[in-house]
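structure.cif (mmCIF, C-alpha atoms)
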data_entry
loop_
_atom_site.label_atom_id
_atom_site.label_comp_id
_atom_site.auth_asym_id
_atom_site.auth_seq_id
_atom_site.Cartn_x
_atom_site.Cartn_y
_atom_site.Cartn_z
CA GLU L 146 33.04 281.32 123.46
CA SER L 147 32.59 284.99 122.93
CA PRO L 148 35.64 287.13 122.23
CA ILE L 149 37.07 289.05 125.16
CA LEU L 150 36.84 292.42 123.51
CA GLU L 151 33.83 292.45 121.28
CA GLY L 152 31.99 295.45 119.92
CA THR L 153 32.15 298.81 121.63
CA VAL L 154 33.91 298.69 124.96
CA SER L 155 33.04 301.21 127.64
CA THR L 156 35.64 302.56 130.04
CA THR L 157 33.46 302.39 133.13
CA ILE L 158 34.83 300.54 136.14
CA THR L 159 32.19 297.82 135.88
CA ASP L 160 32.94 297.15 132.22
CA LEU L 161 36.69 297.30 132.82
CA THR L 162 36.56 294.74 135.58
CA SER L 163 34.26 292.40 133.70
CA GLU L 164 36.66 292.46 130.73
CA VAL L 165 39.62 291.98 133.07
CA ASP L 166 37.81 289.10 134.78
CA ASP L 167 37.56 287.31 131.44
CA LEU L 168 41.06 288.32 130.39
CA ALA L 169 43.03 285.72 132.32
CA SER L 170 40.47 282.96 132.61
CA PRO L 171 41.76 279.63 131.23
CA PRO L 172 39.67 279.63 128.00
CA LYS L 173 41.15 283.00 127.01
CA ARG L 174 44.81 282.45 127.80
CA LEU L 175 47.20 283.82 125.21
CA LYS L 176 47.37 281.29 122.40
CA THR L 177 50.66 279.52 122.02
CA ASN L 178 50.02 278.50 118.43
CA ASN L 179 50.79 274.85 119.28
CA MET L 180 54.40 275.49 120.17
CA SER L 181 56.30 272.26 120.46
CA SER L 182 57.12 271.05 123.94
CA SER L 183 60.78 270.90 122.93
CA SER L 184 60.86 274.69 122.99
CA THR L 185 60.26 274.55 126.73
CA SER L 186 62.64 271.63 127.47
CA SER L 187 65.59 274.00 127.70
CA PRO L 188 65.58 277.10 129.92
CA LEU L 189 63.55 279.97 128.49
CA PRO L 190 65.53 283.09 127.56
CA LEU L 191 65.21 285.94 130.05
CA SER L 192 66.33 288.73 127.76
CA ALA L 193 66.78 289.63 124.12
CA ARG L 194 70.43 289.27 123.16
CA VAL L 195 70.67 291.61 120.17
CA LEU L 196 67.32 293.06 119.05
CA MET L 197 67.17 296.74 120.04
CA VAL L 198 69.46 296.29 123.06
CA ASN L 199 72.54 298.29 124.06
CA GLY L 200 71.46 301.20 121.87
CA ARG L 201 71.20 299.04 118.74
CA PRO L 202 68.71 300.63 116.30
CA CYS L 203 65.49 298.92 115.32
CA PRO L 204 65.77 297.16 111.93
CA ASN L 205 64.05 299.33 109.30
CA ASN L 206 61.91 296.47 108.00
CA LEU L 207 60.14 296.20 111.40
CA TYR L 208 58.63 299.71 111.33
CA PRO L 209 55.92 298.90 108.74
CA VAL L 210 55.01 295.73 110.65
CA PHE L 211 54.70 297.69 113.90
CA ARG L 212 52.37 300.14 112.15
CA ARG L 213 50.21 297.30 110.79
CA LYS L 214 49.95 295.79 114.28
CA GLN L 215 49.39 299.28 115.74
CA ALA L 216 52.33 298.75 118.08
CA ILE L 217 54.05 301.84 119.45
CA LEU L 218 57.84 301.61 119.67
CA VAL L 219 59.22 303.53 122.65
CA ARG L 220 62.96 304.17 122.89
CA SER L 221 64.57 305.11 126.19
CA GLN L 222 65.90 308.64 126.38
CA GLN L 223 69.30 307.41 127.53
CA GLN L 224 72.10 307.84 125.06
CA SER L 225 74.18 305.06 126.56
CA ALA L 226 75.08 301.44 126.02
CA ALA L 227 72.24 300.53 128.40
CA ALA L 228 69.61 302.16 126.18
CA THR L 229 66.79 299.81 125.22
CA ALA L 230 63.33 299.88 123.71
CA TYR L 231 59.88 298.48 124.38
CA LEU L 232 56.57 298.15 122.54
CA LYS L 233 53.07 299.17 123.61
CA LEU L 234 49.86 297.61 122.29
CA GLU L 235 46.52 299.18 123.11
CA PHE L 236 43.41 297.00 123.23
CA GLU L 237 40.53 299.39 122.62
CA ASP L 238 39.67 301.32 125.78
CA VAL L 239 40.27 298.43 128.16
CA PHE L 240 43.97 297.72 128.67
CA THR L 241 47.51 298.38 127.46
CA MET L 242 50.12 295.67 126.95
CA THR L 243 53.77 296.67 127.27
CA ILE L 244 56.41 294.33 125.84
CA TYR L 245 59.94 294.73 127.19
CA LEU L 246 62.95 293.13 125.53
CA VAL L 247 65.40 293.53 128.42
CA PRO L 248 64.26 291.61 130.32
CA LEU L 249 61.66 289.69 128.27
CA VAL L 250 58.61 290.76 130.27
CA VAL L 251 55.01 291.64 129.39
CA THR L 252 52.83 293.84 131.57
CA ILE L 253 49.09 294.31 131.13
CA ARG L 254 47.55 297.36 132.79
CA PRO L 255 44.09 298.95 132.67
CA LYS L 256 43.91 302.04 130.48
CA GLN L 257 41.99 303.87 133.16
CA GLU L 258 44.47 305.06 135.76
CA GLU L 259 43.99 303.57 139.20
CA THR L 260 44.12 307.07 140.65
CA ALA L 261 40.93 307.83 138.70
CA MET L 262 39.17 304.80 140.16
CA LYS L 263 37.29 305.95 143.22
CA ALA L 264 37.09 303.65 146.19
CA THR L 265 33.30 303.71 145.92
CA SER L 266 33.18 302.90 142.19
CA PRO L 267 31.05 299.80 141.49
CA VAL L 268 33.00 296.68 140.52
CA SER L 269 31.89 293.19 139.46
CA VAL L 270 34.50 290.42 139.56
CA TRP L 271 33.91 286.63 139.45
CA GLY L 272 30.19 287.25 139.94
CA ALA L 273 30.76 289.31 143.10
CA ASP L 274 29.59 292.91 143.23
CA GLY L 275 31.23 295.53 145.40
CA THR L 276 33.33 298.66 145.37
CA TRP L 277 36.81 299.19 143.94
CA GLU L 278 38.09 299.47 147.49
CA VAL L 279 36.87 295.93 148.23
CA LEU L 280 37.41 294.14 144.90
CA GLY L 281 40.15 296.23 143.26
CA GLN L 282 42.82 293.79 144.42
CA CYS L 283 41.04 290.96 142.56
CA VAL L 284 41.23 292.98 139.33
CA GLN L 285 44.93 293.67 139.88
CA ASP L 286 45.55 289.97 140.59
CA ARG L 287 43.83 288.95 137.34
CA LEU L 288 45.93 291.43 135.36
CA HIS L 289 49.08 290.20 137.09
CA HIS L 290 48.18 286.59 136.20
CA ALA L 291 47.56 287.57 132.57
CA SER L 292 50.89 289.45 132.49
CA CYS L 293 52.77 286.40 133.82
CA HIS L 294 51.19 284.11 131.23
CA ALA L 295 51.90 286.56 128.39
CA THR L 296 55.53 286.82 129.58
CA ARG L 297 55.89 283.04 129.39
CA VAL L 298 54.44 282.97 125.87
CA LEU L 299 56.85 285.74 124.77
CA ARG L 300 59.79 283.78 126.15
CA GLN L 301 58.55 280.61 124.45
CA CYS L 302 58.46 282.49 121.13
CA PHE L 303 62.09 283.55 121.64
CA ALA L 304 63.14 280.05 122.75
CA GLN L 305 61.50 278.49 119.70
CA LYS L 306 63.42 280.77 117.33
CA GLN L 307 66.71 280.24 119.19
CA GLN L 308 66.49 276.48 118.63
CA GLN L 309 67.98 277.11 115.19
CA SER L 310 71.18 278.17 117.01
CA PRO L 311 71.97 281.39 115.12
CA LYS L 312 75.64 282.28 115.25
CA SER L 313 76.23 285.90 114.23
CA ASP L 314 74.55 288.98 115.73
CA PHE L 315 72.76 289.48 112.42
CA GLU L 316 71.27 285.97 112.56
CA VAL L 317 70.32 286.42 116.23
CA GLU L 318 68.62 289.73 115.40
CA ILE L 319 66.58 288.11 112.60
CA ALA L 320 65.54 285.23 114.89
CA GLU L 321 64.56 287.61 117.71
CA ALA L 322 62.64 289.91 115.35
CA SER L 323 60.75 286.89 114.04
CA ALA L 324 59.92 285.82 117.62
CA LEU L 325 58.68 289.32 118.49
CA LEU L 326 56.45 289.45 115.41
CA GLN L 327 55.06 286.00 116.25
CA PHE L 328 54.16 287.23 119.74
CA LEU L 329 52.54 290.43 118.40
CA GLN L 330 50.33 288.34 116.13
CA LEU L 331 49.39 285.99 118.98
CA ALA L 332 48.56 288.89 121.29
CA ARG L 333 46.39 290.68 118.75
CA THR L 334 44.44 287.60 117.63
CA THR L 335 43.98 286.25 121.17
CA TYR L 336 42.47 289.38 122.70
CA LEU L 337 40.86 290.70 119.50
CA PRO L 338 39.82 287.58 117.53
CA ASN L 339 38.57 289.63 114.59
CA TRP L 340 41.80 291.62 114.38
CA GLN L 341 42.82 292.85 110.93
CA ASP L 342 46.20 294.46 110.34
CA ALA L 343 45.99 298.18 109.68
CA GLU L 344 46.73 299.59 106.23
CA VAL L 345 50.12 301.34 105.95
#
How does the structure come out when it is put into structure tokens?
Amino acid sequence: ESPILEGTVSTTITDLTSEVDDLASPPKRLKTNNMSSSSTSSPLPLSARVLMVNGRPCPNNLYPVFRRKQAILVRSQQQSAAATAYLKLEFEDVFTMTIYLVPLVVTIRPKQEETAMKATSPVSVWGADGTWEVLGQCVQDRLHHASCHATRVLRQCFAQKQQQSPKSDFEVEIAEASALLQFLQLARTTYLPNWQDAEV
């Protein structure tokens, strides 16, 4: 199998949709790193409990790791107890993955804004050629499917780390940080198989 994002990736509509078409196909689903089935026997967590929630600052030791993974940490502008944070990963010029901690949700969106995609732009999805107006919904459905699968993998990472039943907030934060880093590694190596961490 060829990697999803290989070589130079163009930002044209045709290239975007062909990459998106491959993105969520079964052979290229986000790797789960052989997570044990026991991690899914109990309900998956829906939200981070401690890590960067309720205005809690990001642990200092995570910043260098985020830089190596080229993850952008975005903090909400709210100065309240409800303040939270999320991470953004960019995959070349094709799509952006946003990882939310409250709730534990992943969204995958094309980097090219939909408003810039003209209705008459050529699109090729699942071997069918047409315009964005006709096939654009197929592209959106594929991205939605990929987002749902990535969300499940993120929650499985958190569930796997919570099996150790941490007690204090400090222990919970360490377990959740470990789960987040595991997911970042899975995301990078799944969609960019030749990924190498950046130098910091």
Tell me which protein, DNA and RNA residues are within 12 Å of Ala230 in chain L, counting all atoms listed in the file, leaving out same-chain ones fewer than 3 positions away, and put them as a short mmCIF file (atom, residue, chain, number, x, y, z; two decimals) with C-alpha atoms, keeping the file's coordinate frame.
data_model
loop_
_atom_site.label_atom_id
_atom_site.label_comp_id
_atom_site.auth_asym_id
_atom_site.auth_seq_id
_atom_site.Cartn_x
_atom_site.Cartn_y
_atom_site.Cartn_z
CA ALA L 193 66.78 289.63 124.12
CA VAL L 195 70.67 291.61 120.17
CA LEU L 196 67.32 293.06 119.05
CA MET L 197 67.17 296.74 120.04
CA VAL L 198 69.46 296.29 123.06
CA ASN L 199 72.54 298.29 124.06
CA GLY L 200 71.46 301.20 121.87
CA ARG L 201 71.20 299.04 118.74
CA PRO L 202 68.71 300.63 116.30
CA CYS L 203 65.49 298.92 115.32
CA ILE L 217 54.05 301.84 119.45
CA LEU L 218 57.84 301.61 119.67
CA VAL L 219 59.22 303.53 122.65
CA ARG L 220 62.96 304.17 122.89
CA SER L 221 64.57 305.11 126.19
CA GLN L 222 65.90 308.64 126.38
CA GLN L 223 69.30 307.41 127.53
CA GLN L 224 72.10 307.84 125.06
CA ALA L 227 72.24 300.53 128.40
CA LYS L 233 53.07 299.17 123.61
CA THR L 243 53.77 296.67 127.27
CA ILE L 244 56.41 294.33 125.84
CA TYR L 245 59.94 294.73 127.19
CA LEU L 246 62.95 293.13 125.53
CA VAL L 247 65.40 293.53 128.42
CA PRO L 248 64.26 291.61 130.32
CA LEU L 249 61.66 289.69 128.27
#
- Item | the PyMOL selection byres ((chain L and resi 304) around 8) applied to the shown file, residues as a count of residues only | 12
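In this model, the gap between CA of Glu344 in chain L and CA of Gln215 in chain L comes to 9.9 Å.
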- Report the distance between CA of Ala343 in chain L and CA of Leu329 in chain L in Å, rounded to one decimal place. 13.4 Å
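Nearest-residue note for Val250 in chain L: choosing from L:Ser192, L:Glu237, L:Val284, L:Phe211, the minimum distance belongs to L:Ser192, counting only C-alpha atoms.
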- Message: Once the PyMOL selection byres ((chain L and resi 319) around 12) has been evaluated on this model, what residues remain selected, and can you format them as a PyMOL selection string?
- Response: chain L and resi 193-197+203-207+303+306-307+309-318+320-326
- Message: What's the separation between CA of Ser292 in chain L and CA of Asp238 in chain L, in Å to one decimal place?
- Response: 17.7 Å
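Each of L:Phe240, L:Cys283, L:Leu191, L:Arg254 was checked against Val298 in chain L using only C-alpha atoms; the smallest atom-to-atom distance is that of L:Leu191.
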- Task: May I have the residues within 10 Å of Trp340 in chain L as an NGL selection string, using all atoms listed in the file and disregarding those fewer than 4 positions away in the same chain?
- Result: :L and (214 or 330 or 333-336)
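If only C-alpha atoms are the atoms counted, then among L:Gly281, L:Pro209, L:Leu234, L:Lys256 the closest residue to Val268 in chain L is L:Gly281.
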- Task: Could you check which of L:Ala291, L:Phe236, L:Arg213, L:Ala273 is closest to Pro338 in chain L, using all atoms listed in the file?
- Result: L:Phe236
